[in-house]
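Text of the file target.cif, holding mmCIF, C-alpha atoms (C1' of nucleotides):
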```cif
data_model
#
loop_
_atom_site.label_atom_id
_atom_site.label_comp_id
_atom_site.auth_asym_id
_atom_site.auth_seq_id
_atom_site.Cartn_x
_atom_site.Cartn_y
_atom_site.Cartn_z
CA MET A 8 -118.35 -47.17 118.59
CA LEU A 9 -118.53 -43.46 117.96
CA SER A 10 -116.49 -42.54 114.87
CA LYS A 11 -113.62 -40.10 115.16
CA LYS A 12 -115.41 -37.95 112.64
CA THR A 13 -118.30 -37.46 115.04
CA LYS A 14 -116.05 -37.05 118.03
CA TYR A 15 -113.95 -34.40 116.30
CA GLY A 16 -117.01 -32.70 114.91
CA LEU A 17 -118.59 -32.41 118.34
CA LYS A 18 -115.36 -31.09 119.82
CA ALA A 19 -115.05 -28.48 117.09
CA LEU A 20 -118.63 -27.34 117.58
CA THR A 21 -118.05 -27.11 121.32
CA PHE A 22 -114.87 -25.14 120.75
CA LEU A 23 -116.67 -22.66 118.50
CA ALA A 24 -119.57 -22.38 120.91
CA ALA A 25 -117.17 -21.54 123.73
CA GLN A 26 -115.82 -18.48 121.89
CA LYS A 27 -116.93 -15.20 123.38
CA ASP A 28 -118.04 -13.67 120.10
CA ARG A 29 -118.82 -15.21 116.71
CA VAL A 30 -115.53 -14.14 115.12
CA PRO A 31 -114.17 -16.74 112.63
CA VAL A 32 -111.72 -19.27 114.05
CA GLN A 33 -109.16 -20.90 111.79
CA ILE A 34 -109.14 -24.65 111.23
CA ALA A 35 -105.50 -24.73 112.31
CA GLU A 36 -106.31 -23.31 115.72
CA ILE A 37 -109.18 -25.69 116.42
CA ALA A 38 -107.05 -28.62 115.27
CA LYS A 39 -104.19 -27.60 117.53
CA GLN A 40 -106.29 -26.89 120.61
CA GLU A 41 -108.32 -30.08 120.30
CA ASN A 42 -105.54 -32.40 119.11
CA ILE A 43 -107.12 -33.21 115.78
CA SER A 44 -105.51 -33.92 112.42
CA GLN A 45 -105.95 -30.64 110.58
CA LYS A 46 -106.76 -32.09 107.18
CA PHE A 47 -109.28 -34.51 108.62
CA LEU A 48 -110.91 -31.70 110.58
CA GLU A 49 -111.07 -29.67 107.38
CA SER A 50 -113.43 -32.15 105.75
CA ILE A 51 -115.54 -32.44 108.88
CA LEU A 52 -116.04 -28.70 109.16
CA LEU A 53 -116.95 -28.63 105.50
CA THR A 54 -119.81 -31.08 106.00
CA LEU A 55 -120.96 -29.12 109.05
CA LYS A 56 -121.02 -26.03 106.89
CA LYS A 57 -122.89 -27.76 104.05
CA ASN A 58 -125.50 -28.87 106.58
CA GLY A 59 -126.14 -25.40 107.90
CA PHE A 60 -124.37 -25.50 111.24
CA LEU A 61 -121.36 -23.38 110.38
CA GLY A 62 -120.50 -20.35 108.29
CA SER A 63 -117.07 -19.67 106.90
CA LYS A 64 -114.92 -16.84 105.69
CA LYS A 65 -111.95 -17.14 103.38
CA GLY A 66 -108.72 -15.16 103.32
CA LYS A 67 -106.92 -13.37 106.14
CA GLY A 68 -108.93 -13.27 109.33
CA GLY A 69 -111.09 -16.06 107.94
CA GLY A 70 -112.23 -19.30 109.53
CA TYR A 71 -115.38 -20.99 110.75
CA TYR A 72 -118.08 -19.71 113.07
CA LEU A 73 -121.43 -20.91 114.42
CA LEU A 74 -124.47 -19.83 112.45
CA LYS A 75 -126.90 -20.31 115.32
CA GLU A 76 -126.77 -19.91 119.06
CA PRO A 77 -125.65 -23.07 120.92
CA GLU A 78 -129.08 -23.22 122.59
CA ASP A 79 -130.64 -23.69 119.17
CA ILE A 80 -128.41 -26.51 117.97
CA LEU A 81 -130.01 -29.87 118.76
CA MET A 82 -127.88 -32.96 119.17
CA THR A 83 -130.39 -34.98 117.15
CA ASN A 84 -129.51 -32.99 114.05
CA VAL A 85 -125.79 -32.88 114.73
CA MET A 86 -125.58 -36.63 115.27
CA ARG A 87 -127.56 -37.46 112.15
CA VAL A 88 -125.20 -35.37 110.03
CA LEU A 89 -121.97 -36.59 111.61
CA GLU A 90 -122.74 -40.18 112.56
CA GLY A 91 -125.60 -41.03 110.24
CA PRO A 92 -128.75 -42.93 111.29
CA ILE A 93 -129.40 -43.01 115.03
CA ALA A 94 -131.05 -46.44 114.88
CA MET A 95 -128.77 -49.46 115.09
CA VAL A 96 -130.73 -51.36 112.46
CA PRO A 97 -132.39 -49.88 109.36
CA CYS A 98 -135.73 -51.54 110.15
CA VAL A 99 -136.26 -49.27 113.17
CA SER A 100 -134.89 -46.09 111.60
CA LEU A 101 -137.18 -43.08 111.36
CA ASN A 102 -135.23 -41.23 108.68
CA PHE A 103 -133.46 -44.08 106.91
CA TYR A 104 -135.96 -46.94 107.10
CA GLU A 105 -135.19 -50.11 105.17
CA LYS A 106 -136.74 -53.52 105.39
CA CYS A 107 -134.53 -56.40 106.49
CA GLU A 108 -134.18 -58.76 103.55
CA ASP A 109 -133.72 -61.77 105.83
CA CYS A 110 -136.65 -61.03 108.11
CA PRO A 111 -140.11 -62.24 107.03
CA ASN A 112 -142.08 -60.27 109.63
CA GLU A 113 -140.39 -57.45 111.48
CA HIS A 114 -143.16 -57.06 114.03
CA LYS A 115 -142.42 -60.54 115.28
CA CYS A 116 -138.67 -59.97 115.26
CA SER A 117 -136.94 -59.90 118.63
CA VAL A 118 -134.07 -57.79 117.30
CA ASN A 119 -136.53 -55.24 116.02
CA LYS A 120 -138.30 -55.15 119.35
CA LEU A 121 -135.13 -54.54 121.32
CA MET A 122 -133.61 -52.04 118.91
CA LEU A 123 -136.83 -50.05 118.81
CA GLN A 124 -136.43 -49.39 122.52
CA ILE A 125 -132.79 -48.46 122.08
CA ARG A 126 -133.67 -46.03 119.32
CA ASP A 127 -136.32 -44.36 121.44
CA SER A 128 -134.15 -43.95 124.51
CA THR A 129 -131.22 -42.70 122.45
CA LEU A 130 -133.41 -40.24 120.62
CA GLN A 131 -134.74 -38.95 123.90
CA VAL A 132 -131.22 -38.09 125.06
CA TYR A 133 -130.30 -36.33 121.82
CA ARG A 134 -133.55 -34.39 121.82
CA ASN A 135 -132.90 -33.26 125.37
CA ASN A 136 -129.47 -31.87 124.62
CA THR A 137 -128.41 -28.79 122.72
CA LEU A 138 -124.85 -27.70 122.08
CA ALA A 139 -125.26 -25.32 125.01
CA ASP A 140 -126.13 -28.21 127.33
CA ILE A 141 -123.01 -30.23 126.67
CA LEU A 142 -120.85 -27.11 126.87
CA LYS A 143 -121.59 -26.34 130.50
CA MET B 21 -124.75 -50.13 113.39
CA LEU B 22 -125.53 -53.45 114.97
CA SER B 23 -123.19 -56.14 113.64
CA LYS B 24 -124.61 -59.16 111.88
CA LYS B 25 -122.92 -61.26 114.50
CA THR B 26 -125.09 -59.70 117.20
CA LYS B 27 -128.19 -59.76 115.07
CA TYR B 28 -127.75 -63.45 114.22
CA GLY B 29 -126.83 -64.29 117.80
CA LEU B 30 -129.99 -62.66 119.13
CA LYS B 31 -132.11 -64.42 116.53
CA ALA B 32 -130.57 -67.76 117.40
CA LEU B 33 -131.15 -67.24 121.11
CA THR B 34 -134.73 -66.25 120.42
CA PHE B 35 -135.21 -69.32 118.25
CA LEU B 36 -133.90 -71.60 120.98
CA ALA B 37 -136.00 -69.86 123.61
CA ALA B 38 -139.11 -70.40 121.52
CA GLN B 39 -138.67 -74.19 121.55
CA LYS B 40 -141.16 -76.01 123.72
CA ASP B 41 -138.61 -78.14 125.50
CA ARG B 42 -134.85 -77.81 125.89
CA VAL B 43 -134.05 -80.53 123.34
CA PRO B 44 -130.89 -79.78 121.28
CA VAL B 45 -131.47 -78.00 117.97
CA GLN B 46 -129.01 -78.43 115.13
CA ILE B 47 -127.09 -75.46 113.75
CA ALA B 48 -128.36 -76.31 110.28
CA GLU B 49 -131.96 -75.94 111.34
CA ILE B 50 -131.49 -72.59 113.07
CA ALA B 51 -129.52 -71.32 110.07
CA LYS B 52 -132.25 -72.39 107.67
CA GLN B 53 -135.16 -71.05 109.67
CA GLU B 54 -133.53 -67.70 110.37
CA ASN B 55 -131.79 -67.22 107.00
CA ILE B 56 -128.28 -67.19 108.41
CA SER B 57 -125.05 -68.44 106.85
CA GLN B 58 -124.52 -71.76 108.60
CA LYS B 59 -120.77 -71.48 109.01
CA PHE B 60 -121.01 -67.96 110.38
CA LEU B 61 -123.71 -69.02 112.80
CA GLU B 62 -121.51 -71.89 113.91
CA SER B 63 -118.88 -69.52 115.28
CA ILE B 64 -121.48 -67.32 116.92
CA LEU B 65 -123.08 -70.22 118.76
CA LEU B 66 -119.64 -71.30 119.86
CA THR B 67 -118.96 -67.98 121.57
CA LEU B 68 -122.42 -68.07 123.16
CA LYS B 69 -121.54 -71.49 124.51
CA LYS B 70 -118.14 -70.37 125.78
CA ASN B 71 -119.84 -67.53 127.61
CA GLY B 72 -122.28 -69.74 129.42
CA PHE B 73 -125.49 -69.06 127.53
CA LEU B 74 -125.72 -72.31 125.58
CA GLY B 75 -124.99 -75.97 126.08
CA SER B 76 -124.25 -78.38 123.25
CA LYS B 77 -124.41 -82.05 122.43
CA LYS B 78 -122.41 -83.80 119.72
CA GLY B 79 -123.38 -86.68 117.46
CA LYS B 80 -126.78 -87.76 116.22
CA GLY B 81 -129.59 -85.91 117.93
CA GLY B 82 -127.10 -83.27 118.98
CA GLY B 83 -127.24 -79.51 118.72
CA TYR B 84 -127.45 -76.43 120.92
CA TYR B 85 -129.84 -75.62 123.74
CA LEU B 86 -130.37 -72.86 126.29
CA LEU B 87 -128.70 -73.40 129.65
CA LYS B 88 -130.98 -71.01 131.52
CA GLU B 89 -134.59 -69.99 131.30
CA PRO B 90 -135.24 -67.02 128.97
CA GLU B 91 -136.42 -65.00 131.98
CA ASP B 92 -132.96 -65.30 133.48
CA ILE B 93 -130.99 -64.17 130.43
CA LEU B 94 -130.36 -60.43 130.61
CA MET B 95 -129.77 -58.43 127.45
CA THR B 96 -126.95 -56.55 129.16
CA ASN B 97 -124.90 -59.73 129.29
CA VAL B 98 -125.87 -60.95 125.84
CA MET B 99 -125.00 -57.64 124.21
CA ARG B 100 -121.64 -57.36 125.94
CA VAL B 101 -120.65 -60.81 124.70
CA LEU B 102 -121.92 -60.38 121.15
CA GLU B 103 -121.40 -56.69 120.44
CA GLY B 104 -118.72 -55.75 122.94
CA PRO B 105 -118.74 -52.59 125.09
CA ILE B 106 -122.10 -50.88 125.43
CA ALA B 107 -120.57 -47.41 125.69
CA MET B 108 -119.83 -45.59 122.44
CA VAL B 109 -116.53 -44.22 123.72
CA PRO B 110 -114.07 -46.04 126.01
CA CYS B 111 -113.90 -43.09 128.43
CA VAL B 112 -117.51 -43.72 129.56
CA SER B 113 -117.34 -47.50 129.57
CA LEU B 114 -118.04 -49.30 132.84
CA ASN B 115 -116.41 -52.60 131.91
CA PHE B 116 -113.87 -51.50 129.31
CA TYR B 117 -112.77 -48.07 130.55
CA GLU B 118 -109.87 -46.37 128.79
CA LYS B 119 -108.68 -42.80 128.97
CA CYS B 120 -108.81 -40.75 125.76
CA GLU B 121 -105.27 -39.97 124.75
CA ASP B 122 -106.30 -36.73 123.03
CA CYS B 123 -108.44 -35.42 125.88
CA PRO B 124 -106.70 -33.52 128.69
CA ASN B 125 -109.68 -33.49 131.07
CA GLU B 126 -112.57 -35.83 130.44
CA HIS B 127 -114.83 -34.18 132.99
CA LYS B 128 -114.77 -31.02 130.90
CA CYS B 129 -115.29 -32.91 127.66
CA SER B 130 -118.58 -32.35 125.85
CA VAL B 131 -118.36 -35.70 124.08
CA ASN B 132 -117.91 -37.44 127.39
CA LYS B 133 -120.89 -35.61 128.85
CA LEU B 134 -123.20 -36.58 126.00
CA MET B 135 -122.01 -40.16 125.70
CA LEU B 136 -122.39 -40.72 129.42
CA GLN B 137 -126.10 -40.03 129.06
CA ILE B 138 -126.33 -42.34 126.05
CA ARG B 139 -124.61 -45.10 127.96
CA ASP B 140 -126.97 -44.76 130.88
CA SER B 141 -130.13 -44.77 128.83
CA THR B 142 -128.92 -47.69 126.72
CA LEU B 143 -127.99 -49.68 129.80
CA GLN B 144 -131.39 -49.03 131.28
CA VAL B 145 -133.05 -50.64 128.25
CA TYR B 146 -130.78 -53.69 128.27
CA ARG B 147 -131.23 -54.14 132.00
CA ASN B 148 -134.98 -54.01 131.59
CA ASN B 149 -135.09 -56.74 128.98
CA THR B 150 -134.55 -60.46 129.29
CA LEU B 151 -134.66 -62.94 126.43
CA ALA B 152 -138.20 -63.72 127.51
CA ASP B 153 -139.22 -60.07 127.09
CA ILE B 154 -138.14 -59.75 123.48
CA LEU B 155 -139.64 -63.13 122.64
CA LYS B 156 -143.22 -62.15 123.40
"C1'" DC C 25 -116.61 -101.67 116.36
"C1'" DT C 26 -117.60 -98.78 112.81
"C1'" DA C 27 -120.04 -95.49 110.23
"C1'" DT C 28 -122.52 -91.43 110.74
"C1'" DT C 29 -123.69 -87.24 112.68
"C1'" DA C 30 -122.84 -82.77 114.26
"C1'" DC C 31 -120.14 -79.85 117.02
"C1'" DC C 32 -115.26 -77.86 117.34
"C1'" DC C 33 -111.32 -75.11 115.73
"C1'" DT C 34 -108.00 -72.47 112.72
"C1'" DA C 35 -106.91 -69.99 108.82
"C1'" DT C 36 -107.97 -67.25 104.91
"C1'" DT C 37 -110.41 -64.16 101.92
"C1'" DG C 38 -113.22 -60.32 99.87
"C1'" DA C 39 -115.65 -56.37 100.82
"C1'" DT C 40 -116.44 -52.35 103.21
"C1'" DT C 41 -115.48 -48.60 106.19
"C1'" DT C 42 -112.52 -45.57 108.65
"C1'" DA C 43 -108.94 -42.22 109.34
"C1'" DA C 44 -105.71 -39.83 107.39
"C1'" DT C 45 -102.72 -37.73 103.63
"C1'" DA C 46 -101.55 -35.28 99.35
"C1'" DG C 47 -101.99 -31.70 96.31
"C1'" DG C 48 -103.85 -28.25 94.31
"C1'" DA C 49 -108.11 -24.82 93.13
"C1'" DT C 50 -110.64 -20.90 94.63
"C1'" DA C 51 -111.81 -16.82 96.99
"C1'" DA C 52 -110.96 -12.93 100.28
"C1'" DG C 53 -108.21 -9.23 102.12
"C1'" DC C 54 -104.29 -5.98 102.46
"C1'" DG D 27 -100.80 -9.20 93.13
"C1'" DC D 28 -99.21 -11.52 97.04
"C1'" DT D 29 -100.67 -13.81 101.14
"C1'" DT D 30 -103.97 -16.28 103.73
"C1'" DA D 31 -107.21 -19.74 104.51
"C1'" DT D 32 -111.12 -22.24 102.91
"C1'" DC D 33 -112.65 -25.53 99.29
"C1'" DC D 34 -112.47 -29.83 96.66
"C1'" DT D 35 -110.91 -34.40 94.68
"C1'" DA D 36 -108.35 -38.39 94.81
"C1'" DT D 37 -105.65 -41.79 97.02
"C1'" DT D 38 -104.09 -44.87 100.58
"C1'" DA D 39 -103.11 -47.60 104.83
"C1'" DA D 40 -105.23 -49.90 108.29
"C1'" DA D 41 -108.84 -52.07 110.52
"C1'" DT D 42 -113.08 -54.47 110.86
"C1'" DC D 43 -116.73 -57.36 109.21
"C1'" DA D 44 -118.98 -61.22 107.08
"C1'" DA D 45 -118.33 -65.17 105.11
"C1'" DT D 46 -115.90 -69.40 103.41
"C1'" DA D 47 -112.87 -73.46 103.44
"C1'" DG D 48 -111.36 -77.51 105.33
"C1'" DG D 49 -110.54 -80.57 108.35
"C1'" DG D 50 -110.50 -82.46 113.62
"C1'" DT D 51 -113.02 -84.43 117.51
"C1'" DA D 52 -116.52 -86.45 120.22
"C1'" DA D 53 -120.92 -88.80 120.76
"C1'" DT D 54 -124.45 -91.93 119.23
"C1'" DA D 55 -126.75 -95.73 116.68
"C1'" DG D 56 -126.80 -100.04 114.92
#
```

For this file, produce the structure as structure tokens.
Amino acid sequence: MLSKKTKYGLKALTFLAAQKDRVPVQIAEIAKQENISQKFLESILLTLKKNGFLGSKKGKGGGYYLLKEPEDILMTNVMRVLEGPIAMVPCVSLNFYEKCEDCPNEHKCSVNKLMLQIRDSTLQVYRNNTLADILK
Amino acid sequence: MLSKKTKYGLKALTFLAAQKDRVPVQIAEIAKQENISQKFLESILLTLKKNGFLGSKKGKGGGYYLLKEPEDILMTNVMRVLEGPIAMVPCVSLNFYEKCEDCPNEHKCSVNKLMLQIRDSTLQVYRNNTLADILK
DNA sequence: CTATTACCCTATTGATTTAATAGGATAAGC
DNA sequence: GCTTATCCTATTAAATCAATAGGGTAATAG
């Protein structure tokens, strides 16, 4: 299952990408428009900012805004930050590889073999989609 | 993440498929060979039996065995039984569809659009793999 | 017929993760 | 210096996961 964190994060990014200009949008407005708990959204936007997707401005007229154009924001990167590893098992993860402690030989493991294919096909989708693509 | 239930279930199916004949194999032996908690495996094999993948025999010389040939066991079916819905959000699920309560129009939803692609590519992999395929 | 074997079933627990809430600190602007 | 809105930490309620406990039931061997 996709976590709410990821779902809300994607919706917020989409909302910001849909703005005409790059003027800051307040958390409260995004939360209201997208039906998201404001406090929860607050922490999500913070991690998106810390990972270089968003900029922010404090005080009156403040809020969050996209740092890059939607065409330049790859889903691969967004998903890794919001949802974590793309692979369903650590032993087929590119960025978070870990050996299975219960598996003597992962190249003979049927789970490994199947999940490797899933990782590749999933990755292909994420690499083919930018924020601009899912906005249209 | 793939649940241990699914991981163990796949390993058990693979183990049974690798047997020369279709003679019953005891839970204890599968658990030992695959490093799985025996009691946990017990419940997993039970659901695989209830869903038509395995047969069982009680008493001495008893155990579990495959009901079909590995070539005829599709990963799509196995994964749905062990892991549940293949889709990451209910609003793109074929077998477990549910409307998002927070989403006014799912055809304009960016999450829906992305997850629809993920569902399709994931399904394609599962449909292309039988138990025999991941055994080789 | 009886003891043994091994599957069958229910309930409970501990650990972890998820989603959300609370409350205040910090910085920007008028 | 007051208001606005982000920033940050801690806590909690609920759900899920993985495993354990303990006994019931059916089949087989001798």

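When the PyMOL selection byres ((chain B and resi 22) around 6) is evaluated on the file shown here, the picked residues come out as Met95 of chain A; Met21 and Ser23 of chain B.
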
What lies within 10 Å of segment 42-49 of chain D using only C-alpha atoms (C1' of nucleotides), ignoring chain neighbours under 2 positions off, as a list of chain:residue names?
-> B:Ser23, B:Lys24, B:Lys25, B:Ser57, B:Gln58, B:Lys59, B:Phe60, C:DC33, C:DT34, C:DA35, C:DT36, C:DT37, C:DG38, C:DA39, C:DT40, C:DT41, C:DT42, D:DA40

Return as a PyMOL selection string the residues belonging to chain C that are within 10 Å of chain B, counting all atoms listed in the file.
-> chain C and resi 28-33

Least-squares fit on all C-alpha atoms, paired in order: put chain A onto chain B and return it as a compact mmCIF listing (two decimals) with C-alpha atoms, in the coordinates of the input.
```
# COMPACT_ATOMS: atom_id res chain seq x y z
CA MET A 8 -124.78 -50.10 113.39
CA LEU A 9 -125.55 -53.42 114.99
CA SER A 10 -123.20 -56.11 113.65
CA LYS A 11 -124.61 -59.14 111.88
CA LYS A 12 -122.93 -61.25 114.51
CA THR A 13 -125.09 -59.70 117.20
CA LYS A 14 -128.20 -59.77 115.08
CA TYR A 15 -127.75 -63.44 114.24
CA GLY A 16 -126.84 -64.28 117.79
CA LEU A 17 -129.99 -62.66 119.14
CA LYS A 18 -132.12 -64.42 116.54
CA ALA A 19 -130.58 -67.78 117.41
CA LEU A 20 -131.16 -67.24 121.12
CA THR A 21 -134.76 -66.25 120.42
CA PHE A 22 -135.22 -69.32 118.25
CA LEU A 23 -133.91 -71.60 120.99
CA ALA A 24 -136.00 -69.87 123.61
CA ALA A 25 -139.12 -70.42 121.52
CA GLN A 26 -138.66 -74.21 121.53
CA LYS A 27 -141.17 -76.03 123.69
CA ASP A 28 -138.61 -78.15 125.50
CA ARG A 29 -134.84 -77.82 125.87
CA VAL A 30 -134.03 -80.54 123.33
CA PRO A 31 -130.88 -79.76 121.27
CA VAL A 32 -131.46 -77.98 117.97
CA GLN A 33 -128.98 -78.38 115.14
CA ILE A 34 -127.07 -75.41 113.76
CA ALA A 35 -128.34 -76.29 110.29
CA GLU A 36 -131.96 -75.92 111.34
CA ILE A 37 -131.48 -72.57 113.06
CA ALA A 38 -129.51 -71.30 110.08
CA LYS A 39 -132.22 -72.38 107.66
CA GLN A 40 -135.16 -71.05 109.66
CA GLU A 41 -133.52 -67.71 110.37
CA ASN A 42 -131.79 -67.20 107.01
CA ILE A 43 -128.28 -67.18 108.39
CA SER A 44 -125.04 -68.42 106.86
CA GLN A 45 -124.51 -71.74 108.62
CA LYS A 46 -120.77 -71.48 109.05
CA PHE A 47 -120.99 -67.95 110.38
CA LEU A 48 -123.71 -69.00 112.81
CA GLU A 49 -121.49 -71.87 113.93
CA SER A 50 -118.87 -69.49 115.30
CA ILE A 51 -121.48 -67.30 116.93
CA LEU A 52 -123.08 -70.19 118.77
CA LEU A 53 -119.65 -71.28 119.88
CA THR A 54 -118.97 -67.95 121.58
CA LEU A 55 -122.42 -68.05 123.18
CA LYS A 56 -121.56 -71.47 124.53
CA LYS A 57 -118.14 -70.37 125.80
CA ASN A 58 -119.85 -67.51 127.63
CA GLY A 59 -122.30 -69.73 129.43
CA PHE A 60 -125.50 -69.05 127.54
CA LEU A 61 -125.74 -72.29 125.60
CA GLY A 62 -125.00 -75.97 126.07
CA SER A 63 -124.25 -78.33 123.24
CA LYS A 64 -124.36 -81.99 122.39
CA LYS A 65 -122.36 -83.69 119.68
CA GLY A 66 -123.30 -86.60 117.44
CA LYS A 67 -126.72 -87.73 116.25
CA GLY A 68 -129.55 -85.88 117.94
CA GLY A 69 -127.05 -83.23 118.99
CA GLY A 70 -127.22 -79.46 118.73
CA TYR A 71 -127.47 -76.40 120.93
CA TYR A 72 -129.86 -75.62 123.75
CA LEU A 73 -130.39 -72.86 126.32
CA LEU A 74 -128.71 -73.39 129.66
CA LYS A 75 -130.99 -71.01 131.54
CA GLU A 76 -134.61 -70.00 131.32
CA PRO A 77 -135.25 -67.03 128.98
CA GLU A 78 -136.46 -65.01 131.99
CA ASP A 79 -132.99 -65.31 133.49
CA ILE A 80 -131.02 -64.19 130.45
CA LEU A 81 -130.37 -60.44 130.63
CA MET A 82 -129.79 -58.45 127.47
CA THR A 83 -126.96 -56.56 129.18
CA ASN A 84 -124.90 -59.73 129.31
CA VAL A 85 -125.88 -60.95 125.87
CA MET A 86 -125.01 -57.63 124.24
CA ARG A 87 -121.65 -57.36 125.97
CA VAL A 88 -120.66 -60.80 124.70
CA LEU A 89 -121.94 -60.37 121.15
CA GLU A 90 -121.42 -56.68 120.46
CA GLY A 91 -118.72 -55.76 122.95
CA PRO A 92 -118.73 -52.59 125.08
CA ILE A 93 -122.11 -50.88 125.41
CA ALA A 94 -120.56 -47.41 125.67
CA MET A 95 -119.83 -45.61 122.41
CA VAL A 96 -116.53 -44.25 123.69
CA PRO A 97 -114.07 -46.05 125.99
CA CYS A 98 -113.91 -43.11 128.41
CA VAL A 99 -117.50 -43.72 129.54
CA SER A 100 -117.34 -47.51 129.57
CA LEU A 101 -118.04 -49.32 132.83
CA ASN A 102 -116.41 -52.61 131.89
CA PHE A 103 -113.86 -51.51 129.31
CA TYR A 104 -112.77 -48.08 130.54
CA GLU A 105 -109.88 -46.39 128.77
CA LYS A 106 -108.69 -42.83 128.92
CA CYS A 107 -108.82 -40.79 125.73
CA GLU A 108 -105.26 -40.01 124.72
CA ASP A 109 -106.29 -36.76 123.02
CA CYS A 110 -108.43 -35.46 125.86
CA PRO A 111 -106.70 -33.55 128.68
CA ASN A 112 -109.67 -33.53 131.06
CA GLU A 113 -112.56 -35.86 130.43
CA HIS A 114 -114.84 -34.22 132.97
CA LYS A 115 -114.77 -31.06 130.90
CA CYS A 116 -115.27 -32.94 127.65
CA SER A 117 -118.56 -32.38 125.85
CA VAL A 118 -118.35 -35.73 124.07
CA ASN A 119 -117.90 -37.47 127.38
CA LYS A 120 -120.87 -35.65 128.83
CA LEU A 121 -123.18 -36.61 125.99
CA MET A 122 -122.00 -40.19 125.68
CA LEU A 123 -122.38 -40.73 129.41
CA GLN A 124 -126.09 -40.06 129.04
CA ILE A 125 -126.33 -42.36 126.04
CA ARG A 126 -124.60 -45.13 127.95
CA ASP A 127 -126.96 -44.78 130.88
CA SER A 128 -130.14 -44.78 128.82
CA THR A 129 -128.94 -47.70 126.71
CA LEU A 130 -127.97 -49.67 129.78
CA GLN A 131 -131.37 -49.05 131.27
CA VAL A 132 -133.06 -50.65 128.26
CA TYR A 133 -130.79 -53.70 128.28
CA ARG A 134 -131.24 -54.14 132.01
CA ASN A 135 -134.99 -54.02 131.60
CA ASN A 136 -135.10 -56.75 128.99
CA THR A 137 -134.57 -60.47 129.28
CA LEU A 138 -134.68 -62.95 126.44
CA ALA A 139 -138.24 -63.73 127.51
CA ASP A 140 -139.24 -60.09 127.08
CA ILE A 141 -138.14 -59.77 123.49
CA LEU A 142 -139.66 -63.14 122.64
CA LYS A 143 -143.24 -62.17 123.37
```

Run through the PyMOL selection byres ((chain A and resi 128) around 12) on the given coordinates and return the selected residues as a PDB file with C-alpha atoms, in the coordinates of the input.
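Below is the file part-v7.pdb, written as the result:
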```pdb
ATOM      1  CA  ILE A  93    -129.400 -43.010 115.030  1.00  0.00           C
ATOM      2  CA  ALA A  94    -131.050 -46.440 114.880  1.00  0.00           C
ATOM      3  CA  LEU A 121    -135.130 -54.540 121.320  1.00  0.00           C
ATOM      4  CA  MET A 122    -133.610 -52.040 118.910  1.00  0.00           C
ATOM      5  CA  LEU A 123    -136.830 -50.050 118.810  1.00  0.00           C
ATOM      6  CA  GLN A 124    -136.430 -49.390 122.520  1.00  0.00           C
ATOM      7  CA  ILE A 125    -132.790 -48.460 122.080  1.00  0.00           C
ATOM      8  CA  ARG A 126    -133.670 -46.030 119.320  1.00  0.00           C
ATOM      9  CA  ASP A 127    -136.320 -44.360 121.440  1.00  0.00           C
ATOM     10  CA  THR A 129    -131.220 -42.700 122.450  1.00  0.00           C
ATOM     11  CA  LEU A 130    -133.410 -40.240 120.620  1.00  0.00           C
ATOM     12  CA  GLN A 131    -134.740 -38.950 123.900  1.00  0.00           C
ATOM     13  CA  VAL A 132    -131.220 -38.090 125.060  1.00  0.00           C
ATOM     14  CA  TYR A 133    -130.300 -36.330 121.820  1.00  0.00           C
ATOM     15  CA  ARG A 134    -133.550 -34.390 121.820  1.00  0.00           C
ATOM     16  CA  ASN A 135    -132.900 -33.260 125.370  1.00  0.00           C
TER      17      ASN A 135
ATOM     18  CA  GLN B 137    -126.100 -40.030 129.060  1.00  0.00           C
ATOM     19  CA  ILE B 138    -126.330 -42.340 126.050  1.00  0.00           C
ATOM     20  CA  ARG B 139    -124.610 -45.100 127.960  1.00  0.00           C
ATOM     21  CA  ASP B 140    -126.970 -44.760 130.880  1.00  0.00           C
ATOM     22  CA  SER B 141    -130.130 -44.770 128.830  1.00  0.00           C
ATOM     23  CA  THR B 142    -128.920 -47.690 126.720  1.00  0.00           C
ATOM     24  CA  LEU B 143    -127.990 -49.680 129.800  1.00  0.00           C
ATOM     25  CA  GLN B 144    -131.390 -49.030 131.280  1.00  0.00           C
ATOM     26  CA  VAL B 145    -133.050 -50.640 128.250  1.00  0.00           C
ATOM     27  CA  TYR B 146    -130.780 -53.690 128.270  1.00  0.00           C
TER      28      TYR B 146
END
```

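You can rank B:Ile50, B:Leu114, B:Ile56, B:Val45 by their closest distance to chain D using only C-alpha atoms (C1' of nucleotides), and at the top of that list sits B:Ile56.
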
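Atom pair atom CA of Tyr104 of chain A / atom CA of Glu54 of chain B has a distance of 21.2 Å (rounded to one decimal).
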
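Residues matched by the PyMOL selection byres ((chain C and resi 51) around 10) in this file: Lys64, Lys65 and Gly66 of chain A; DA49, DT50, DA52 and DG53 of chain C; DA31, DT32 and DC33 of chain D.
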
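Our summary of the geometry notes that atom CA of Gly104 of chain B is positioned 9.4 Å from atom CA of Thr26 of chain B.
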
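Selecting chain D residues within 7 Å of chain B and counting all atoms listed in the file yields DA45, DA52, DA53 and DT54 of chain D.
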
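A straight line drawn from atom CA of Asp140 of chain A to atom CA of Ile80 of chain A is 9.8 Å long.
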
Looking at all atoms listed in the file, which of A:Ala24, A:Ala19, A:Val99, A:Met82 is the one that sits closest to Glu36 of chain A?
-> A:Ala19

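With only C-alpha atoms as the basis for measurement, B:Asn55 is the residue among B:Thr96, B:Asn55, B:Thr67, B:Gln39 that approaches chain A most closely.
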
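Of the residues under consideration (B:Ala152, B:Ala51, B:Ser130, B:Met99), B:Ser130 shows the shortest atom-to-atom contact distance to chain A when counting all atoms listed in the file.
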
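Proximity ranking of A:Lys120, A:Val85, A:Leu73, A:Ala25 relative to chain B places A:Lys120 first, based on all atoms listed in the file.
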